[in-house]
file run.csv (CSV, C-alpha atoms and all ligand atoms)
chain,number,residue,atom,x,y,z
A,1,MET,CA,-124.1,-76.8,-34.1
A,2,ASP,CA,-126.9,-79.2,-33.7
A,3,THR,CA,-129.3,-79.3,-36.7
A,4,VAL,CA,-132.9,-79.7,-35.7
A,5,ILE,CA,-134.9,-81.9,-38.0
A,6,GLY,CA,-138.7,-81.2,-38.2
A,7,LYS,CA,-140.6,-83.9,-40.0
A,8,ILE,CA,-143.9,-82.8,-41.6
A,9,THR,CA,-146.7,-85.2,-40.7
A,10,GLN,CA,-150.4,-85.5,-41.5
A,11,SER,CA,-151.4,-83.9,-38.2
A,12,ASP,CA,-150.3,-80.8,-36.4
A,13,ASN,CA,-147.1,-79.1,-37.8
A,14,ASP,CA,-147.6,-75.8,-36.0
A,15,LYS,CA,-144.5,-76.2,-33.8
A,16,ILE,CA,-142.2,-77.0,-36.7
A,17,PHE,CA,-143.3,-73.8,-38.6
A,18,GLU,CA,-143.1,-71.7,-35.4
A,19,GLN,CA,-139.6,-72.8,-34.8
A,20,ALA,CA,-138.4,-72.5,-38.4
A,21,ALA,CA,-140.0,-69.1,-38.9
A,22,GLY,CA,-138.3,-67.9,-35.7
A,23,ILE,CA,-134.9,-69.1,-36.9
A,24,ILE,CA,-135.4,-67.2,-40.2
A,25,ARG,CA,-136.4,-64.0,-38.4
A,26,ASP,CA,-133.4,-64.3,-36.1
A,27,GLY,CA,-131.0,-64.6,-39.0
A,28,GLY,CA,-130.4,-68.4,-39.0
A,29,LEU,CA,-130.6,-71.0,-41.8
A,30,VAL,CA,-133.4,-73.4,-42.5
A,31,ALA,CA,-133.5,-76.0,-45.3
A,32,PHE,CA,-137.0,-76.6,-46.6
A,33,PRO,CA,-138.6,-78.5,-49.5
A,34,THR,CA,-139.9,-76.8,-52.6
A,35,GLU,CA,-141.5,-78.5,-55.6
A,36,THR,CA,-138.1,-78.4,-57.5
A,37,VAL,CA,-135.4,-79.3,-55.0
A,38,TYR,CA,-134.7,-78.5,-51.3
A,39,GLY,CA,-133.7,-74.9,-50.7
A,40,LEU,CA,-131.4,-73.5,-48.0
A,41,GLY,CA,-133.2,-70.4,-46.7
A,42,ALA,CA,-132.3,-67.2,-44.9
A,43,ASN,CA,-133.9,-63.7,-44.5
A,44,ALA,CA,-133.2,-62.2,-47.9
A,45,LEU,CA,-133.0,-58.6,-46.6
A,46,ASP,CA,-130.5,-59.4,-43.9
A,47,SER,CA,-127.0,-59.5,-45.5
A,48,ASP,CA,-125.4,-61.2,-42.5
A,49,ALA,CA,-128.0,-64.0,-42.6
A,50,ALA,CA,-127.5,-64.4,-46.4
A,51,SER,CA,-123.7,-64.6,-46.0
A,52,LYS,CA,-124.1,-67.6,-43.7
A,53,ILE,CA,-125.6,-69.4,-46.7
A,54,TYR,CA,-122.4,-68.9,-48.6
A,55,SER,CA,-120.2,-70.3,-45.9
A,56,ALA,CA,-122.5,-73.3,-45.1
A,57,LYS,CA,-122.5,-74.3,-48.8
A,58,GLY,CA,-119.0,-73.3,-49.6
A,59,ARG,CA,-120.5,-71.2,-52.4
A,60,PRO,CA,-118.5,-68.6,-54.4
A,61,SER,CA,-119.7,-65.2,-53.3
A,62,ASP,CA,-120.3,-63.9,-56.9
A,63,ASN,CA,-123.0,-66.5,-57.3
A,64,PRO,CA,-126.3,-64.8,-56.5
A,65,LEU,CA,-129.3,-66.2,-54.6
A,66,ILE,CA,-132.9,-66.6,-55.6
A,67,ILE,CA,-135.4,-64.8,-53.4
A,68,HIS,CA,-138.6,-66.8,-52.6
A,69,ILE,CA,-141.8,-65.0,-52.2
A,70,ALA,CA,-145.4,-66.1,-51.3
A,71,ASP,CA,-147.3,-63.1,-52.7
A,72,ILE,CA,-146.7,-61.1,-56.0
A,73,LYS,CA,-147.1,-57.9,-54.0
A,74,ALA,CA,-143.5,-58.5,-53.0
A,75,LEU,CA,-142.4,-57.5,-56.5
A,76,ASP,CA,-143.4,-53.9,-55.8
A,77,GLU,CA,-140.8,-53.9,-53.0
A,78,LEU,CA,-138.0,-56.0,-54.5
A,79,THR,CA,-138.0,-54.8,-58.1
A,80,THR,CA,-138.1,-51.5,-60.1
A,81,GLY,CA,-141.2,-52.7,-61.9
A,82,VAL,CA,-142.9,-55.6,-63.7
A,83,ASP,CA,-143.6,-55.2,-67.4
A,84,ALA,CA,-146.3,-56.9,-69.5
A,85,ARG,CA,-144.1,-59.8,-70.5
A,86,ALA,CA,-143.1,-60.6,-66.9
A,87,ALA,CA,-146.8,-60.3,-65.9
A,88,ALA,CA,-147.8,-62.8,-68.6
A,89,LEU,CA,-145.2,-65.3,-67.4
A,90,ILE,CA,-146.2,-64.8,-63.8
A,91,GLU,CA,-149.9,-65.3,-64.7
A,92,SER,CA,-149.0,-68.6,-66.5
A,93,PHE,CA,-146.3,-70.2,-64.3
A,94,TRP,CA,-146.5,-68.9,-60.7
A,95,PRO,CA,-146.5,-70.4,-58.2
A,96,GLY,CA,-144.2,-72.8,-59.9
A,97,PRO,CA,-140.7,-73.9,-61.1
A,98,MET,CA,-139.9,-70.5,-62.7
A,99,THR,CA,-137.5,-67.9,-61.5
A,100,LEU,CA,-137.6,-64.4,-63.1
A,101,VAL,CA,-134.6,-62.0,-63.1
A,102,PHE,CA,-135.7,-58.3,-62.6
A,103,ASN,CA,-133.9,-55.0,-62.0
A,104,LYS,CA,-133.5,-54.8,-58.3
A,105,SER,CA,-134.9,-52.2,-55.9
A,106,ASP,CA,-132.6,-50.5,-53.4
A,107,ILE,CA,-133.7,-52.7,-50.5
A,108,VAL,CA,-132.3,-55.8,-52.0
A,109,PRO,CA,-128.7,-56.2,-50.6
A,110,TYR,CA,-125.8,-56.7,-53.0
A,111,GLY,CA,-124.8,-59.6,-50.7
A,112,VAL,CA,-127.8,-61.5,-52.1
A,113,THR,CA,-127.3,-60.6,-55.8
A,114,GLY,CA,-123.6,-61.3,-55.9
A,115,GLY,CA,-123.1,-57.5,-56.6
A,116,LEU,CA,-125.5,-57.4,-59.6
A,117,ASP,CA,-128.1,-54.8,-60.1
A,118,THR,CA,-130.6,-57.5,-60.9
A,119,VAL,CA,-132.4,-59.9,-58.6
A,120,ALA,CA,-133.8,-63.4,-59.2
A,121,ILE,CA,-137.2,-64.1,-57.7
A,122,ARG,CA,-139.5,-67.2,-57.5
A,123,MET,CA,-142.8,-68.0,-56.0
A,124,PRO,CA,-142.6,-71.8,-55.3
A,125,ASN,CA,-145.5,-74.1,-55.6
A,126,HIS,CA,-145.0,-76.1,-52.4
A,127,PRO,CA,-147.2,-75.7,-49.3
A,128,VAL,CA,-144.3,-76.0,-46.9
A,129,ALA,CA,-142.2,-73.4,-48.6
A,130,LEU,CA,-145.2,-71.0,-48.9
A,131,ARG,CA,-146.2,-71.4,-45.3
A,132,LEU,CA,-142.6,-70.9,-44.1
A,133,ILE,CA,-142.3,-67.6,-46.1
A,134,ARG,CA,-145.7,-66.4,-44.8
A,135,GLU,CA,-145.1,-67.3,-41.1
A,136,SER,CA,-141.6,-65.9,-41.0
A,137,GLY,CA,-142.9,-62.6,-42.5
A,138,CYS,CA,-139.6,-62.5,-44.5
A,139,TYR,CA,-138.6,-62.9,-48.1
A,140,ILE,CA,-136.4,-66.0,-48.2
A,141,ALA,CA,-133.2,-66.2,-50.1
A,142,ALA,CA,-132.5,-69.8,-50.9
A,143,PRO,CA,-130.1,-71.6,-53.2
A,144,SER,CA,-130.3,-75.4,-53.5
A,145,ALA,CA,-129.5,-77.0,-50.1
A,146,ASN,CA,-126.4,-79.0,-51.3
A,147,THR,CA,-122.8,-78.3,-50.7
A,148,SER,CA,-121.4,-76.5,-53.7
A,149,GLY,CA,-120.5,-78.9,-56.5
A,150,ARG,CA,-122.9,-81.7,-55.4
A,151,PRO,CA,-126.2,-82.7,-57.0
A,152,SER,CA,-129.1,-80.6,-55.7
A,153,PRO,CA,-131.1,-82.4,-53.0
A,154,THR,CA,-134.4,-84.0,-53.7
A,155,ARG,CA,-134.7,-85.7,-50.3
A,156,ALA,CA,-134.1,-84.6,-46.7
A,157,SER,CA,-131.5,-87.4,-46.4
A,158,HIS,CA,-129.4,-85.6,-49.1
A,159,VAL,CA,-129.6,-82.3,-47.2
A,160,ILE,CA,-128.5,-84.1,-44.0
A,161,GLU,CA,-125.6,-85.8,-45.9
A,162,ASP,CA,-124.3,-82.4,-47.1
A,163,LEU,CA,-125.3,-79.8,-44.4
A,164,SER,CA,-126.0,-81.5,-41.1
A,165,GLY,CA,-124.2,-79.6,-38.3
A,166,ARG,CA,-123.7,-76.5,-40.5
A,167,ILE,CA,-127.3,-75.2,-40.5
A,168,ASP,CA,-130.0,-74.6,-37.8
A,169,MET,CA,-132.9,-76.7,-39.1
A,170,ILE,CA,-134.1,-79.0,-41.8
A,171,ILE,CA,-137.8,-79.3,-42.6
A,172,GLU,CA,-138.3,-82.8,-43.9
A,173,ASP,CA,-141.1,-83.5,-46.3
A,174,ASP,CA,-140.1,-85.6,-49.3
A,175,THR,CA,-142.7,-84.4,-51.6
A,176,VAL,CA,-140.2,-82.7,-53.9
A,177,ASN,CA,-141.5,-83.8,-57.3
A,178,VAL,CA,-139.9,-81.8,-60.1
A,179,GLY,CA,-136.4,-82.9,-59.1
A,180,ILE,CA,-134.4,-80.3,-61.1
A,181,GLU,CA,-134.1,-76.6,-60.4
A,182,SER,CA,-136.4,-73.9,-61.7
A,183,THR,CA,-136.2,-72.4,-65.2
A,184,ILE,CA,-134.5,-69.0,-64.9
A,185,ILE,CA,-135.7,-66.3,-67.2
A,186,ASP,CA,-134.1,-62.9,-67.5
A,187,VAL,CA,-136.8,-60.3,-68.1
A,188,SER,CA,-134.6,-57.3,-66.9
A,189,GLY,CA,-133.6,-56.2,-70.4
A,190,GLU,CA,-135.1,-55.8,-73.9
A,191,ASP,CA,-134.8,-59.4,-75.0
A,192,ILE,CA,-136.0,-62.3,-72.9
A,193,TYR,CA,-133.3,-65.0,-72.2
A,194,VAL,CA,-133.6,-68.4,-70.6
A,195,LEU,CA,-130.5,-68.5,-68.4
A,196,ARG,CA,-131.1,-72.0,-67.0
A,197,PRO,CA,-133.4,-74.5,-68.7
A,198,GLY,CA,-136.0,-76.4,-66.6
A,199,CYS,CA,-139.4,-78.0,-66.6
A,200,ILE,CA,-141.0,-74.7,-67.8
A,201,THR,CA,-139.5,-75.2,-71.3
A,202,LEU,CA,-138.4,-72.7,-73.9
A,203,GLU,CA,-141.4,-73.9,-76.0
A,204,MET,CA,-143.8,-73.0,-73.2
A,205,ILE,CA,-142.2,-69.6,-72.6
A,206,ARG,CA,-142.4,-68.7,-76.3
A,207,ALA,CA,-146.1,-69.8,-76.4
A,208,CYS,CA,-146.6,-67.2,-73.6
A,209,VAL,CA,-144.4,-64.2,-74.6
A,210,GLY,CA,-143.5,-64.8,-78.2
A,211,ASN,CA,-139.8,-64.4,-78.6
A,212,ALA,CA,-137.4,-65.8,-76.0
A,213,ARG,CA,-133.9,-67.2,-76.5
A,214,LEU,CA,-131.6,-69.6,-74.7
A,215,ASP,CA,-128.5,-67.9,-73.3
A,216,PRO,CA,-126.0,-68.9,-76.0
A,217,ALA,CA,-123.3,-69.5,-73.3
A,218,ILE,CA,-125.2,-72.5,-72.0
A,219,THR,CA,-126.1,-74.3,-75.2
A,220,GLY,CA,-122.7,-75.8,-75.4
A,221,GLN,CA,-122.4,-74.5,-79.0
A,222,ALA,CA,-121.2,-71.0,-78.2
A,223,ASP,CA,-117.4,-70.4,-78.2
A,224,SER,CA,-116.0,-71.2,-74.8
A,225,ASP,CA,-115.3,-67.5,-74.0
A,226,ALA,CA,-119.1,-66.7,-73.8
A,227,ARG,CA,-119.9,-66.0,-70.2
A,228,PRO,CA,-123.2,-67.3,-68.9
A,229,LYS,CA,-125.6,-64.6,-67.7
A,230,ALA,CA,-126.4,-66.6,-64.6
A,231,PRO,CA,-123.1,-66.6,-62.7
A,232,GLY,CA,-123.9,-70.0,-61.2
A,233,MET,CA,-124.0,-71.7,-64.7
A,234,LYS,CA,-120.3,-71.3,-65.2
A,235,TYR,CA,-119.4,-73.6,-62.3
A,236,ARG,CA,-119.0,-77.4,-62.8
A,237,HIS,CA,-122.0,-78.5,-60.8
A,238,TYR,CA,-123.4,-81.9,-60.0
A,239,ALA,CA,-120.1,-83.7,-60.4
A,240,PRO,CA,-120.4,-87.4,-59.5
A,241,LYS,CA,-117.3,-89.0,-57.9
A,242,ALA,CA,-117.0,-91.5,-60.8
A,243,GLN,CA,-116.1,-90.3,-64.3
A,244,LEU,CA,-119.3,-89.8,-66.2
A,245,THR,CA,-119.6,-90.2,-70.0
A,246,ILE,CA,-122.8,-89.5,-72.0
A,247,VAL,CA,-123.2,-91.7,-75.1
A,248,GLU,CA,-125.4,-90.4,-77.9
A,249,GLY,CA,-126.8,-92.5,-80.8
A,250,SER,CA,-129.4,-95.1,-81.6
A,251,SER,CA,-130.3,-97.2,-78.6
A,252,ASP,CA,-128.8,-100.4,-80.1
A,253,LYS,CA,-125.5,-98.7,-80.9
A,254,VAL,CA,-125.4,-97.0,-77.5
A,255,ALA,CA,-125.9,-100.3,-75.7
A,256,GLU,CA,-123.4,-102.1,-77.9
A,257,TYR,CA,-120.7,-99.4,-77.2
A,258,ILE,CA,-121.4,-99.2,-73.5
A,259,ASN,CA,-121.3,-103.0,-73.1
A,260,GLN,CA,-117.9,-103.0,-74.9
A,261,GLN,CA,-116.6,-100.4,-72.5
A,262,ILE,CA,-118.0,-102.4,-69.5
A,263,ALA,CA,-116.2,-105.5,-70.6
A,264,ARG,CA,-112.9,-103.6,-71.2
A,265,LEU,CA,-113.1,-101.8,-67.8
A,266,ASN,CA,-114.2,-104.9,-65.8
A,267,GLU,CA,-111.1,-106.6,-67.1
A,268,GLN,CA,-109.0,-103.8,-65.5
A,269,GLY,CA,-110.9,-104.4,-62.3
A,270,LYS,CA,-113.0,-101.3,-62.6
A,271,LYS,CA,-116.6,-101.0,-61.6
A,272,VAL,CA,-119.1,-99.5,-64.0
A,273,GLY,CA,-122.5,-98.0,-63.6
A,274,VAL,CA,-125.0,-97.2,-66.3
A,275,MET,CA,-127.9,-94.7,-66.3
A,276,ALA,CA,-130.4,-96.2,-68.6
A,277,THR,CA,-134.2,-96.0,-69.2
A,278,ASP,CA,-137.1,-98.5,-68.8
A,279,GLU,CA,-136.9,-99.2,-72.6
A,280,THR,CA,-133.1,-100.1,-72.5
A,281,VAL,CA,-132.3,-101.2,-68.9
A,282,ALA,CA,-132.3,-105.0,-69.9
A,283,LEU,CA,-129.7,-104.4,-72.6
A,284,TYR,CA,-126.8,-103.8,-70.2
A,285,LYS,CA,-124.6,-106.6,-68.8
A,286,ASP,CA,-122.1,-106.9,-65.9
A,287,CYS,CA,-122.6,-103.5,-64.4
A,288,MET,CA,-124.7,-101.5,-61.9
A,289,VAL,CA,-127.6,-100.4,-64.0
A,290,THR,CA,-130.3,-98.0,-63.0
A,291,SER,CA,-133.3,-96.8,-64.9
A,292,LEU,CA,-134.2,-93.1,-64.8
A,293,GLY,CA,-137.7,-94.0,-66.0
A,294,SER,CA,-139.5,-94.2,-69.3
A,295,ARG,CA,-138.4,-92.2,-72.3
A,296,ARG,CA,-142.0,-91.3,-72.8
A,297,ASP,CA,-142.0,-89.4,-69.6
A,298,GLU,CA,-139.1,-86.9,-69.6
A,299,ALA,CA,-140.4,-85.1,-66.5
A,300,GLY,CA,-140.2,-88.4,-64.7
A,301,ILE,CA,-136.6,-88.8,-65.9
A,302,ALA,CA,-135.7,-85.3,-64.7
A,303,SER,CA,-137.2,-86.1,-61.3
A,304,HIS,CA,-134.9,-89.1,-60.8
A,305,LEU,CA,-131.7,-87.6,-62.2
A,306,TYR,CA,-130.0,-86.2,-59.1
A,307,GLU,CA,-131.0,-89.0,-56.8
A,308,CYS,CA,-129.5,-91.5,-59.3
A,309,LEU,CA,-126.2,-89.5,-59.4
A,310,ARG,CA,-126.1,-89.3,-55.6
A,311,ASN,CA,-126.7,-93.0,-55.3
A,312,PHE,CA,-123.8,-93.8,-57.6
A,313,ASP,CA,-121.6,-91.7,-55.2
A,314,GLY,CA,-122.5,-94.1,-52.4
A,315,THR,CA,-121.1,-97.1,-54.4
A,316,GLN,CA,-117.6,-98.0,-55.5
A,317,THR,CA,-118.3,-97.2,-59.1
A,318,ASP,CA,-115.3,-95.9,-61.1
A,319,TYR,CA,-117.1,-95.0,-64.3
A,320,ILE,CA,-120.7,-94.1,-65.2
A,321,PHE,CA,-122.2,-94.2,-68.7
A,322,ALA,CA,-125.4,-92.3,-69.3
A,323,GLU,CA,-127.7,-92.5,-72.3
A,324,SER,CA,-128.6,-89.2,-73.9
A,325,PHE,CA,-131.9,-87.4,-74.3
A,326,SER,CA,-133.4,-85.0,-76.8
A,327,TYR,CA,-132.4,-81.3,-76.7
A,328,ASP,CA,-136.0,-80.1,-76.8
A,329,ASN,CA,-138.6,-79.6,-74.2
A,330,VAL,CA,-137.7,-81.1,-70.8
A,331,GLY,CA,-134.9,-83.0,-72.5
A,332,GLN,CA,-133.1,-79.7,-72.8
A,333,ALA,CA,-133.0,-79.3,-69.0
A,334,ILE,CA,-132.0,-83.0,-68.5
A,335,MET,CA,-129.1,-82.7,-71.0
A,336,ASN,CA,-128.0,-79.3,-69.5
A,337,ARG,CA,-127.5,-81.0,-66.1
A,338,LEU,CA,-126.1,-84.2,-67.5
A,339,ILE,CA,-123.5,-82.5,-69.7
A,340,LYS,CA,-122.4,-80.4,-66.8
A,341,ALA,CA,-122.1,-83.4,-64.5
A,342,ALA,CA,-120.1,-85.1,-67.3
A,343,GLY,CA,-117.8,-82.1,-67.7
A,344,HIS,CA,-118.9,-82.0,-71.4
A,345,ASN,CA,-117.7,-85.6,-71.9
A,346,VAL,CA,-120.1,-86.7,-74.7
A,347,ILE,CA,-119.4,-89.4,-77.2
A,348,SER,CA,-121.5,-90.0,-80.4
A,349,VAL,CA,-121.7,-93.6,-81.7
A,401,LIG,O1,-135.6,-74.5,-58.2
A,401,LIG,C1,-134.7,-73.6,-57.8
A,401,LIG,O2,-134.5,-72.6,-58.4
A,401,LIG,C2,-134.0,-73.9,-56.4
A,401,LIG,C3,-135.1,-73.8,-55.3
A,401,LIG,C4,-134.5,-74.0,-54.0
A,401,LIG,O3,-135.9,-72.7,-55.5
A,401,LIG,N1,-133.0,-72.9,-56.2
A,401,LIG,C5,-131.8,-72.9,-56.9
A,401,LIG,O4,-130.9,-72.0,-56.5
A,401,LIG,O5,-131.6,-73.7,-57.8
A,401,LIG,P1,-129.4,-72.0,-56.9
A,401,LIG,O6,-128.8,-71.0,-56.0
A,401,LIG,O7,-128.8,-73.4,-56.8
A,401,LIG,O8,-129.3,-71.5,-58.3
A,401,LIG,C6,-129.6,-70.1,-58.6
A,401,LIG,C7,-129.1,-69.7,-60.0
A,401,LIG,C8,-127.6,-69.6,-60.0
A,401,LIG,O9,-127.2,-70.2,-61.3
A,401,LIG,C9,-127.4,-68.1,-60.0
A,401,LIG,O10,-126.2,-67.7,-60.7
A,401,LIG,C10,-128.7,-67.6,-60.8
A,401,LIG,O11,-129.7,-68.5,-60.2
A,401,LIG,N2,-129.0,-66.3,-60.4
A,401,LIG,C11,-129.4,-65.8,-59.2
A,401,LIG,N3,-129.6,-64.4,-59.3
A,401,LIG,C12,-129.3,-64.1,-60.6
A,401,LIG,C13,-129.3,-62.8,-61.3
A,401,LIG,N4,-129.6,-61.7,-60.7
A,401,LIG,N5,-128.9,-62.8,-62.6
A,401,LIG,C14,-128.6,-64.0,-63.2
A,401,LIG,N6,-128.6,-65.2,-62.6
A,401,LIG,C15,-128.9,-65.2,-61.3
A,402,MG,MG,-127.7,-75.0,-56.9
call {"tool": "encode", "arguments": {"input": "run.csv", "output": "structure tokens"}}
result
Amino acid sequence: MDTVIGKITQSDNDKIFEQAAGIIRDGGLVAFPTETVYGLGANALDSDAASKIYSAKGRPSDNPLIIHIADIKALDELTTGVDARAAALIESFWPGPMTLVFNKSDIVPYGVTGGLDTVAIRMPNHPVALRLIRESGCYIAAPSANTSGRPSPTRASHVIEDLSGRIDMIIEDDTVNVGIESTIIDVSGEDIYVLRPGCITLEMIRACVGNARLDPAITGQADSDARPKAPGMKYRHYAPKAQLTIVEGSSDKVAEYINQQIARLNEQGKKVGVMATDETVALYKDCMVTSLGSRRDEAGIASHLYECLRNFDGTQTDYIFAESFSYDNVGQAIMNRLIKAAGHNVISV
């Protein structure tokens, strides 16, 4: 199929929204920007439309989708109820990079929830996403608009790379600024769990609702049998083509170790890439080095992470070394994505 690309401009975008909303209503697929990453949208209450998402992405069918809404009234239709804790989170963080998992109502198809009795819902904070939801008159189920196993897309060019020819339309508007996917919080049971860390941090959630815990299966400390509560968290995501190693330790020691590895690998004719920071980028020699940004701005680092991983895929790099970050605040989300991309390959020096 030909994929239509509609580029948002300063002037009149009515035709783009008219076409995209029509595609959603007719059961087709439209990729659109949100503040976190691009989403691949379909009418959430149409099982056949939602199933097209799975085939376009090559996504396992047990991995449920997030439903995007533009008005909290939607929760009356999609869930069995919103308690005081969920209401407090909504008040603080919607629209925004937070997804809440509720008990689902009967109208939500199991084809969207991967067979679960719960449903993940988010109100994005992006004018294009909100306008598309409103104009289509639908709730929009949307995973990240990458093929399964690739880094989530933060630019239209990434979506084109992965999905061109497989979906009906891409709305291009490169104002995706968070750069990593939303924080997922399960409010469906007695205890509140963070199922996927993101820019709305555990610290922020606790400040809002008191007790909340990180799903032990995703901290990396739990025994390997623990099953993540978000089915998608068990898959090896974001895998770059080159072998990725995270190196933890003081910046001097990390740079010394990585430089030794570069020298050793270069001797074997291998090309090495390094994901560094503004503070350390000058320390690395004889490699392709990229800075993710300043360590003082972890949100900035998060916003560049996926693009940096994708850019390495376009080079002949055989090995990538990444510096590590804190396990608190936004660092927790960065490390969660990096550790998965590295297949848990972390070295302490
Ligand atoms: O920022 C985001 O959340 C982006 C944008 C497009 O909104 N979307 C996104 O979707 O990252 P996706 O499909 O790549 O990730 C959805 C995650 C998966 O890990 C899935 O398992 C989990 O949400 N999930 C969805 N429904 C769930 C449910 N009912 N219970 C637990 N986890 C659920
Ligand atoms: Mg995804």
call {"tool": "atom_distance", "arguments": {"input": "run.csv", "atom1": "CA of Ile258 in chain A", "atom2": "CA of Gln243 in chain A"}}
result
13.9 Å
call {"tool": "atom_distance", "arguments": {"input": "run.csv", "atom1": "CA of Phe32 in chain A", "atom2": "CA of Ile180 in chain A"}}
result
15.2 Å
call {"tool": "closest_residue", "arguments": {"input": "run.csv", "among": "A:Asp168, A:Tyr38, A:Glu91, A:Ile66", "to": "Gly6 in chain A", "atoms": "only C-alpha atoms"}}
result
A:Asp168
call {"tool": "atom_distance", "arguments": {"input": "run.csv", "atom1": "CA of Ala282 in chain A", "atom2": "CA of Tyr257 in chain A"}}
result
14.8 Å
call {"tool": "residues_near_ligand", "arguments": {"input": "run.csv", "ligand": "ligand MG 402 (chain A)", "cutoff": "9 Å", "atoms": "all atoms listed in the file", "output": "ChimeraX atom specification"}}
result
/A:39,143-152,181,232,237-238
call {"tool": "residues_near_ligand", "arguments": {"input": "run.csv", "ligand": "ligand LIG 401 (chain A)", "cutoff": "6 Å", "atoms": "all atoms listed in the file", "output": "JSON list (two decimals) with C-alpha atoms, keeping the file's coordinate frame"}}
result
[["chain", "number", "residue", "atom", "x", "y", "z"],
["A", 36, "THR", "CA", -138.10, -78.40, -57.50],
["A", 37, "VAL", "CA", -135.40, -79.30, -55.00],
["A", 38, "TYR", "CA", -134.70, -78.50, -51.30],
["A", 39, "GLY", "CA", -133.70, -74.90, -50.70],
["A", 63, "ASN", "CA", -123.00, -66.50, -57.30],
["A", 64, "PRO", "CA", -126.30, -64.80, -56.50],
["A", 65, "LEU", "CA", -129.30, -66.20, -54.60],
["A", 66, "ILE", "CA", -132.90, -66.60, -55.60],
["A", 97, "PRO", "CA", -140.70, -73.90, -61.10],
["A", 101, "VAL", "CA", -134.60, -62.00, -63.10],
["A", 113, "THR", "CA", -127.30, -60.60, -55.80],
["A", 118, "THR", "CA", -130.60, -57.50, -60.90],
["A", 119, "VAL", "CA", -132.40, -59.90, -58.60],
["A", 120, "ALA", "CA", -133.80, -63.40, -59.20],
["A", 142, "ALA", "CA", -132.50, -69.80, -50.90],
["A", 143, "PRO", "CA", -130.10, -71.60, -53.20],
["A", 144, "SER", "CA", -130.30, -75.40, -53.50],
["A", 181, "GLU", "CA", -134.10, -76.60, -60.40],
["A", 182, "SER", "CA", -136.40, -73.90, -61.70],
["A", 229, "LYS", "CA", -125.60, -64.60, -67.70],
["A", 230, "ALA", "CA", -126.40, -66.60, -64.60],
["A", 231, "PRO", "CA", -123.10, -66.60, -62.70],
["A", 232, "GLY", "CA", -123.90, -70.00, -61.20],
["A", 233, "MET", "CA", -124.00, -71.70, -64.70]]
call {"tool": "closest_residue", "arguments": {"input": "run.csv", "among": "A:Val30, A:Val254, A:Ala42, A:Ala84", "to": "Ile5 in chain A", "atoms": "only C-alpha atoms"}}
result
A:Val30
call {"tool": "residues_around", "arguments": {"input": "run.csv", "residues": "Met204 in chain A", "least_positions_apart": "5", "cutoff": "12 Å", "atoms": "all atoms listed in the file", "output": "PyMOL selection string"}}
result
chain A and resi 88-89+92-93+98+183+194+197-199+209-213+328-330
